[in-house]
$ cat entry-v1.txt   # compact mmCIF, C-alpha atoms
# COMPACT_ATOMS: atom_id res chain seq x y z
CA MET O 1 181.68 209.73 180.95
CA ARG O 2 179.18 207.91 178.73
CA THR O 3 177.52 211.23 177.81
CA SER O 4 180.83 212.83 176.90
CA ARG O 5 181.73 209.79 174.89
CA ARG O 6 178.48 209.89 172.97
CA LEU O 7 178.95 213.61 172.25
CA LEU O 8 182.47 212.99 171.00
CA ILE O 9 181.33 210.17 168.76
CA SER O 10 178.46 212.32 167.42
CA ALA O 11 180.82 215.21 166.70
CA LEU O 12 183.28 212.92 164.93
CA LEU O 13 180.43 211.46 162.89
CA VAL O 14 179.27 214.92 161.83
CA ILE O 15 182.80 215.83 160.80
CA VAL O 16 183.20 212.60 158.82
CA LEU O 17 179.86 213.07 157.08
CA THR O 18 180.62 216.72 156.30
CA VAL O 19 184.04 215.92 154.88
CA ALA O 20 182.54 213.09 152.85
CA ALA O 21 179.85 215.42 151.50
CA VAL O 22 182.23 218.23 150.52
CA PRO O 23 183.18 216.85 147.09
CA LEU O 24 179.52 216.31 146.22
CA LEU O 25 178.56 219.81 147.39
CA ASN O 26 181.43 221.34 145.44
CA LEU O 27 180.22 219.54 142.33
CA THR O 28 176.56 220.44 142.72
CA VAL O 29 176.21 223.57 144.87
CA TYR O 30 179.46 225.52 145.06
CA THR O 31 179.99 225.63 141.30
CA PRO O 32 181.12 228.38 138.91
CA ALA O 33 177.62 228.49 137.38
CA ARG O 34 175.94 228.90 140.79
CA ALA O 35 178.39 231.69 141.66
CA ALA O 36 177.50 233.53 138.43
CA GLU O 37 173.78 233.18 139.21
CA ALA O 38 174.36 234.39 142.78
CA TYR O 39 176.14 237.45 141.41
CA ILE O 40 173.16 238.35 139.21
CA SER O 41 170.86 237.79 142.19
CA ALA O 42 172.91 240.30 144.20
CA ILE O 43 172.68 242.88 141.39
CA GLU O 44 168.93 242.26 141.11
CA ASP O 45 168.63 243.00 144.84
CA ALA O 46 170.81 246.12 144.42
CA ASP O 47 173.19 244.58 146.97
CA ALA O 48 176.51 245.99 145.79
CA GLU O 49 178.48 244.62 148.74
CA ARG O 50 177.29 241.06 148.10
CA ALA O 51 177.95 241.49 144.37
CA PHE O 52 181.55 242.49 145.11
CA SER O 53 182.10 239.15 146.87
CA TYR O 54 181.56 237.40 143.52
CA LEU O 55 184.10 239.53 141.66
CA ALA O 56 187.84 239.00 141.38
CA SER O 57 188.78 242.44 140.14
CA PRO O 58 191.29 245.19 140.84
CA THR O 59 190.09 247.87 143.23
CA PRO O 60 188.19 250.49 141.19
CA SER O 61 189.43 254.08 141.11
CA SER O 62 186.03 255.27 142.30
CA THR O 63 183.19 253.41 143.96
CA LEU O 64 180.62 256.21 143.79
CA ALA O 65 178.73 254.53 140.96
CA LEU O 66 179.09 251.10 142.55
CA ASN O 67 177.00 251.48 145.68
CA HIS O 68 173.59 250.31 146.82
CA ASP O 69 171.89 253.68 146.27
CA VAL O 70 173.00 253.97 142.64
CA LEU O 71 171.89 250.40 141.89
CA SER O 72 168.56 250.90 143.68
CA ALA O 73 167.82 253.92 141.48
CA ALA O 74 168.63 252.07 138.23
CA PRO O 75 165.88 252.13 135.59
CA ASP O 76 166.29 248.38 135.16
CA LEU O 77 168.23 245.54 136.80
CA PRO O 78 168.74 241.93 135.62
CA ARG O 79 166.49 239.00 136.48
CA ASP O 80 165.90 235.34 135.60
CA ALA O 81 169.58 234.39 135.60
CA GLU O 82 170.58 230.96 134.23
CA ALA O 83 174.19 229.82 134.01
CA THR O 84 175.98 226.77 132.69
CA THR O 85 179.53 225.72 133.43
CA VAL O 86 181.08 225.22 129.99
CA SER O 87 184.54 224.03 131.08
CA MET O 88 186.80 223.74 134.13
CA ASP O 89 190.56 223.61 134.32
CA GLY O 90 191.86 223.57 137.87
CA ALA O 91 191.27 227.00 139.39
CA HIS O 92 189.71 228.41 136.23
CA ALA O 93 186.37 227.87 134.54
CA LYS O 94 184.21 229.16 131.69
CA VAL O 95 180.54 229.92 132.25
CA SER O 96 177.74 230.85 129.87
CA LEU O 97 175.34 233.22 131.63
CA SER O 98 171.95 234.42 130.42
CA TYR O 99 169.63 236.93 132.06
CA VAL O 100 166.87 239.39 131.20
CA LEU O 101 167.55 243.14 131.17
CA SER O 102 165.10 245.73 129.82
CA SER O 103 162.89 242.91 128.54
CA GLN O 104 165.75 241.56 126.41
CA THR O 105 167.50 238.25 127.04
CA GLN O 106 171.26 238.67 127.09
CA THR O 107 173.93 235.98 127.04
CA VAL O 108 177.54 236.56 128.06
CA ASP O 109 180.55 234.33 128.48
CA LEU O 110 182.35 234.69 131.79
CA SER O 111 185.78 233.69 133.01
CA MET O 112 185.65 232.36 136.57
CA VAL O 113 188.47 231.90 139.05
CA LYS O 114 188.55 229.83 142.26
CA LEU O 115 189.16 231.77 145.48
CA PRO O 116 190.34 230.41 148.84
CA ALA O 117 187.78 227.87 150.07
CA THR O 118 185.19 228.76 152.67
CA ALA O 119 186.15 227.17 156.01
CA GLY O 120 188.90 225.46 154.07
CA LEU O 121 186.33 223.10 152.53
CA PHE O 122 183.78 224.63 150.17
CA ASP O 123 184.77 226.02 146.80
CA ARG O 124 184.39 229.74 146.15
CA TRP O 125 184.19 231.00 142.60
CA ALA O 126 184.25 234.59 141.35
CA ILE O 127 183.94 236.38 138.04
CA GLU O 128 187.39 237.26 136.78
CA GLN O 129 187.76 240.64 135.08
CA GLU O 130 190.98 242.54 134.51
CA GLU O 131 189.22 245.89 134.27
CA TRP O 132 185.87 247.26 135.36
CA PRO O 133 183.07 247.94 132.91
CA THR O 134 182.72 251.69 132.56
CA LEU O 135 180.57 254.61 131.57
CA ASP O 136 182.49 257.08 129.42
CA LEU O 137 180.76 260.41 130.07
CA GLN O 138 181.54 263.14 127.56
CA VAL O 139 179.85 266.25 128.91
CA GLU O 140 180.13 269.59 127.13
CA GLY O 141 180.01 272.54 129.50
CA SER O 142 180.11 270.63 132.78
CA SER O 143 182.76 268.82 134.80
CA THR O 144 180.14 266.71 136.58
CA ALA O 145 177.24 264.48 135.65
CA THR O 146 174.66 262.34 137.39
CA VAL O 147 174.31 258.57 137.25
CA ASN O 148 170.88 257.40 138.39
CA GLY O 149 170.52 260.77 140.09
CA TYR O 150 173.85 260.71 141.96
CA GLY O 151 176.67 263.12 141.18
CA VAL O 152 179.89 261.87 139.59
CA ALA O 153 182.87 263.49 137.90
CA ALA O 154 182.60 263.54 134.13
CA GLY O 155 184.94 261.17 132.29
CA THR O 156 185.36 257.44 132.69
CA ILE O 157 183.79 255.87 135.77
CA PRO O 158 183.59 252.18 136.79
CA VAL O 159 180.19 250.55 137.18
CA LEU O 160 178.69 247.18 137.98
CA PHE O 161 177.23 245.01 135.24
CA PRO O 162 174.62 244.17 134.12
CA ALA O 163 172.44 247.21 134.71
CA THR O 164 170.77 250.13 133.01
CA TYR O 165 172.05 253.55 134.00
CA LEU O 166 170.37 256.93 133.54
CA VAL O 167 173.00 259.56 132.82
CA GLY O 168 172.60 263.33 132.66
CA PHE O 169 173.70 266.56 134.22
CA ASP O 170 172.01 269.57 135.74
CA ALA O 171 174.45 272.37 136.47
CA THR O 172 173.85 276.03 137.23
CA TYR O 173 174.00 277.19 133.63
CA LEU O 174 173.66 274.00 131.59
CA LYS O 175 171.57 270.86 131.74
CA SER O 176 170.96 267.85 129.53
CA LYS O 177 168.25 265.42 128.75
CA PRO O 178 168.94 262.10 130.52
CA GLU O 179 170.36 259.29 128.40
CA ARG O 180 169.98 255.56 129.07
CA ALA O 181 173.07 253.38 128.98
CA GLU O 182 173.09 249.60 129.29
CA VAL O 183 176.19 247.78 130.52
CA ILE O 184 175.84 244.14 129.51
CA ALA O 185 179.18 242.42 130.08
CA PRO O 186 182.35 242.76 132.23
CA THR O 187 184.28 244.34 129.36
CA ASP O 188 181.65 246.88 128.28
CA THR O 189 182.28 250.59 127.92
CA ALA O 190 179.12 252.61 127.33
CA GLN O 191 179.91 255.95 125.70
CA ILE O 192 177.50 258.76 126.51
CA ALA O 193 177.78 262.20 124.89
CA LEU O 194 175.60 264.79 126.59
CA SER O 195 174.72 267.98 124.70
CA PRO O 196 174.14 271.14 126.68
CA GLU O 197 170.87 272.96 127.00
CA PRO O 198 170.64 276.38 128.65
CA THR O 199 169.01 276.82 132.02
CA ALA O 200 166.91 279.83 133.02
CA LYS O 201 169.91 281.00 135.07
CA LEU O 202 172.10 281.02 131.96
CA GLU O 203 169.53 282.97 129.93
CA GLN O 204 169.34 285.49 132.75
CA SER O 205 173.14 285.85 132.81
CA VAL O 206 173.33 286.26 129.03
CA GLY O 207 170.44 288.74 129.10
CA GLU O 208 172.35 290.85 131.62
CA GLN O 209 175.44 290.78 129.40
CA VAL O 210 173.42 291.75 126.31
CA THR O 211 171.87 294.67 128.21
CA GLU O 212 175.29 295.74 129.50
CA HIS O 213 176.82 295.53 126.02
CA LEU O 214 174.11 297.66 124.38
CA ALA O 215 174.08 300.15 127.26
CA LYS O 216 177.83 300.66 126.84
CA CYS O 217 177.46 301.10 123.09
CA VAL O 218 174.75 303.76 123.25
CA LYS O 219 176.88 305.82 125.66
CA SER O 220 179.27 306.43 122.81
CA LYS O 221 179.33 309.86 121.12
CA THR O 222 180.88 308.65 117.85
CA LEU O 223 179.37 307.23 114.67
CA TYR O 224 180.99 303.84 115.26
CA PRO O 225 180.95 302.85 118.94
CA SER O 226 184.05 300.87 119.84
CA ASP O 227 183.67 297.05 119.96
CA CYS O 228 179.99 297.33 119.04
CA VAL O 229 178.08 295.63 116.26
CA PHE O 230 176.44 298.75 114.82
CA GLY O 231 177.38 302.16 113.49
CA TYR O 232 176.08 305.00 111.34
CA GLU O 233 177.42 305.54 107.83
CA THR O 234 177.20 308.94 106.17
CA ASP O 235 179.09 311.03 103.59
CA ASN O 236 178.22 314.26 105.37
CA GLU O 237 180.34 316.07 107.94
CA ILE O 238 179.16 315.44 111.49
CA LEU O 239 179.20 318.50 113.68
CA GLY O 240 180.05 317.76 117.27
CA ASP O 241 179.05 314.62 119.10
CA VAL O 242 176.16 312.32 118.30
CA LYS O 243 173.70 310.89 120.76
CA TRP O 244 172.72 307.22 120.74
CA SER O 245 169.76 305.64 122.51
CA LEU O 246 168.15 302.21 122.55
CA ALA O 247 164.80 302.24 120.79
CA ARG O 248 164.03 298.50 120.83
CA GLU O 249 165.62 295.95 123.09
CA PRO O 250 166.25 292.38 121.88
CA GLU O 251 164.36 289.36 123.17
CA VAL O 252 166.97 287.12 124.75
CA SER O 253 166.71 283.36 124.32
CA LEU O 254 169.31 280.67 123.71
CA ALA O 255 169.45 277.63 121.49
CA ALA O 256 171.86 274.68 121.34
CA SER O 257 173.56 274.06 118.01
CA GLY O 258 175.39 270.75 118.38
CA ASN O 259 177.76 271.37 121.25
CA ASP O 260 177.57 275.15 120.83
CA LEU O 261 175.19 277.67 122.37
CA GLU O 262 173.92 280.59 120.33
CA LEU O 263 171.82 283.65 121.05
CA THR O 264 168.60 283.30 119.09
CA PRO O 265 168.64 286.15 116.52
CA SER O 266 166.55 289.11 117.66
CA THR O 267 165.90 292.55 116.18
CA VAL O 268 167.48 295.56 117.89
CA GLU O 269 166.71 299.20 117.09
CA VAL O 270 168.96 302.10 118.07
CA ARG O 271 168.36 305.81 117.60
CA ILE O 272 171.05 308.30 116.58
CA GLN O 273 170.67 312.08 116.81
CA GLY O 274 173.03 314.89 115.86
CA ARG O 275 173.83 317.69 113.44
CA TYR O 276 175.64 317.52 110.12
CA ARG O 277 176.89 319.77 107.34
CA ASP O 278 175.99 318.75 103.80
CA ILE O 279 179.20 318.19 101.86
CA VAL O 280 177.64 319.57 98.66
CA THR O 281 175.61 322.57 99.83
CA ALA O 282 177.39 323.21 103.17
CA ALA O 283 173.95 323.59 104.72
CA GLU O 284 173.62 322.44 108.30
CA HIS O 285 170.82 320.18 109.45
CA ASP O 286 169.76 318.15 112.46
CA PHE O 287 169.28 314.47 111.89
CA ASP O 288 167.33 311.81 113.82
CA GLU O 289 167.50 308.25 112.48
CA THR O 290 166.48 304.83 113.75
CA LEU O 291 168.74 301.92 112.77
CA SER O 292 167.63 298.30 112.81
CA PHE O 293 169.73 295.13 112.84
CA ASP O 294 169.58 291.51 113.98
CA LEU O 295 171.71 290.65 116.99
CA GLY O 296 173.14 287.18 117.47
CA GLY O 297 176.21 285.78 119.12
CA SER O 298 177.85 282.82 120.80
CA VAL O 299 177.76 281.85 124.45
CA VAL O 300 180.62 280.05 126.17
CA VAL O 301 180.34 278.48 129.63
CA LYS O 302 183.65 277.51 131.20
CA SER O 303 184.54 276.91 134.84
CA SER O 304 181.19 278.36 135.94
CA GLN O 305 181.93 281.56 133.99
CA VAL O 306 179.65 282.82 131.21
CA ARG O 307 180.93 284.81 128.23
CA PHE O 308 178.73 286.33 125.53
CA ASP O 309 180.35 287.29 122.22
CA PRO O 310 177.92 289.52 120.24
CA ARG O 311 177.61 289.26 116.47
CA ARG O 312 175.52 291.23 114.00
CA LEU O 313 173.58 289.19 111.48
CA GLY O 314 173.16 290.98 108.15
CA ASP O 315 173.31 294.72 107.45
CA VAL O 316 172.14 297.70 109.44
CA THR O 317 169.07 299.29 107.90
CA VAL O 318 167.66 302.79 108.38
CA LYS O 319 163.97 302.93 109.24
$ encode --input "entry-v1.txt" --output "structure tokens"
Amino acid sequence: MRTSRRLLISALLVIVLTVAAVPLLNLTVYTPARAAEAYISAIEDADAERAFSYLASPTPSSTLALNHDVLSAAPDLPRDAEATTVSMDGAHAKVSLSYVLSSQTQTVDLSMVKLPATAGLFDRWAIEQEEWPTLDLQVEGSSTATVNGYGVAAGTIPVLFPATYLVGFDATYLKSKPERAEVIAPTDTAQIALSPEPTAKLEQSVGEQVTEHLAKCVKSKTLYPSDCVFGYETDNEILGDVKWSLAREPEVSLAASGNDLELTPSTVEVRIQGRYRDIVTAAEHDFDETLSFDLGGSVVVKSSQVRFDPRRLGDVTVK
């Protein structure tokens, strides 16, 4: 009986002391400023799940860019967090938070809100944000991109702050140089415009289309092959069909021009053979000419389909 009594008294004493200490702990430990610092610590550790516990935010439309792997692969994460509670009004507070990101000290003002107490005793504070900070990914020629090496759909995606993100894309036909984006505050939107660069696969596809286009053109038996960028001009009367052949193939390479892709101009030579009647003397002669012109054109990539639109640059000359 005495032992049970002592245990009961000890338990009651612990409860009394704990309850008595709660106000002090809520004023010194479980504060809005400490919660803000704990949030930065979670981001620094790439612990997305723990970071979420310090956020009072609507559920994001996508969490792909909000996970541990994406944070772990970030080029830079925050450190050396210091926060000060600026004001408190019931369940709301204002905090000034500073931290270091990419060797630069940043300071942001945060709105904090009180959540249901832990064990019904200890205050819980969280960063209040009506919307998620985002990356706005404008990607020409691709419906996807990568954030810190992980695939996401192009467009607007929610992310955690503060962090540095490496954004790019590497599709079958197009790729981009990676761009760094820093998200500093809860309201930030980092806009990233990625310009396309051709891959070896795209150059191969365009090369095949160029070859196919020229092969079709030289099969023609007329002076002006249909839908082709070259032809043979003469005042004489052509007798019968003409014969075309490819004398010099173009060198196929692509270049980005803003958000457009162009075939780098390259010289093409075609040979035409036939027989004509001179309109002045009526004499008949064989002819064999080589024509030279510069081939260019635009390249469009859409829905994994490649289209090459040929274009002649300048006049056709006779060699």
$ closest_residue --input "entry-v1.txt" --among "O:Asp315, O:Glu179, O:Glu208, O:Glu249" --to "O:Tyr232" --atoms "all atoms listed in the file"
O:Asp315
$ closest_residue --input "entry-v1.txt" --among "O:Ile238, O:Val280, O:Ala126, O:Val139" --to "O:Leu174" --atoms "all atoms listed in the file"
O:Val139
$ atom_distance --input "entry-v1.txt" --atom1 "atom CA of O:Asp288" --atom2 "atom CA of O:Trp244"
9.9 Å
$ atom_distance --input "entry-v1.txt" --atom1 "atom CA of O:Ala163" --atom2 "atom CA of O:Asn148"
10.9 Å
$ residues_around --input "entry-v1.txt" --residues "O:Ala171" --least-positions-apart "3" --cutoff "12 Å" --atoms "only C-alpha atoms" --output "list in words"
Val139, Glu140, Gly141, Ser142, Ser143, Thr144, Ala145, Thr146, Gly151, Gly168, Leu174, Lys175, Ser176, Pro196, Glu197, Pro198, Thr199, Ala200, Lys201, Leu202, Val301, Lys302, Ser303 and Ser304 of chain O
$ build_atoms --input "entry-v1.txt" --residues "stretch 263-275 of chain O" --atoms "N, CA, C and O atoms" --output "compact mmCIF listing (two decimals), in the coordinates of the input"
# COMPACT_ATOMS: atom_id res chain seq x y z
N LEU O 263 172.93 282.75 120.77
CA LEU O 263 171.82 283.65 121.05
C LEU O 263 170.86 283.59 119.88
O LEU O 263 171.27 283.74 118.71
N THR O 264 169.60 283.32 120.15
CA THR O 264 168.60 283.30 119.09
C THR O 264 168.51 284.69 118.48
O THR O 264 168.35 285.68 119.21
N PRO O 265 168.66 284.82 117.14
CA PRO O 265 168.64 286.15 116.52
C PRO O 265 167.41 286.96 116.90
O PRO O 265 166.29 286.45 116.91
N SER O 266 167.64 288.22 117.23
CA SER O 266 166.55 289.11 117.66
C SER O 266 166.82 290.52 117.14
O SER O 266 167.97 290.96 117.09
N THR O 267 165.76 291.21 116.74
CA THR O 267 165.90 292.55 116.18
C THR O 267 166.16 293.60 117.27
O THR O 267 165.51 293.60 118.30
N VAL O 268 167.14 294.45 117.00
CA VAL O 268 167.48 295.56 117.89
C VAL O 268 167.33 296.86 117.09
O VAL O 268 167.70 296.93 115.91
N GLU O 269 166.80 297.89 117.73
CA GLU O 269 166.71 299.20 117.09
C GLU O 269 167.40 300.24 117.98
O GLU O 269 167.16 300.27 119.20
N VAL O 270 168.27 301.02 117.36
CA VAL O 270 168.96 302.10 118.07
C VAL O 270 168.68 303.42 117.36
O VAL O 270 168.51 303.48 116.13
N ARG O 271 168.64 304.47 118.13
CA ARG O 271 168.36 305.81 117.60
C ARG O 271 169.61 306.66 117.68
O ARG O 271 170.31 306.63 118.70
N ILE O 272 169.90 307.39 116.59
CA ILE O 272 171.05 308.30 116.58
C ILE O 272 170.56 309.70 116.25
O ILE O 272 169.76 309.90 115.33
N GLN O 273 171.04 310.68 117.01
CA GLN O 273 170.67 312.08 116.81
C GLN O 273 171.94 312.93 116.78
O GLN O 273 172.92 312.63 117.47
N GLY O 274 171.88 313.99 115.94
CA GLY O 274 173.03 314.89 115.86
C GLY O 274 172.80 315.98 114.84
O GLY O 274 171.67 316.22 114.39
N ARG O 275 173.90 316.61 114.44
CA ARG O 275 173.83 317.69 113.44
C ARG O 275 174.96 317.47 112.44
O ARG O 275 176.06 317.04 112.79
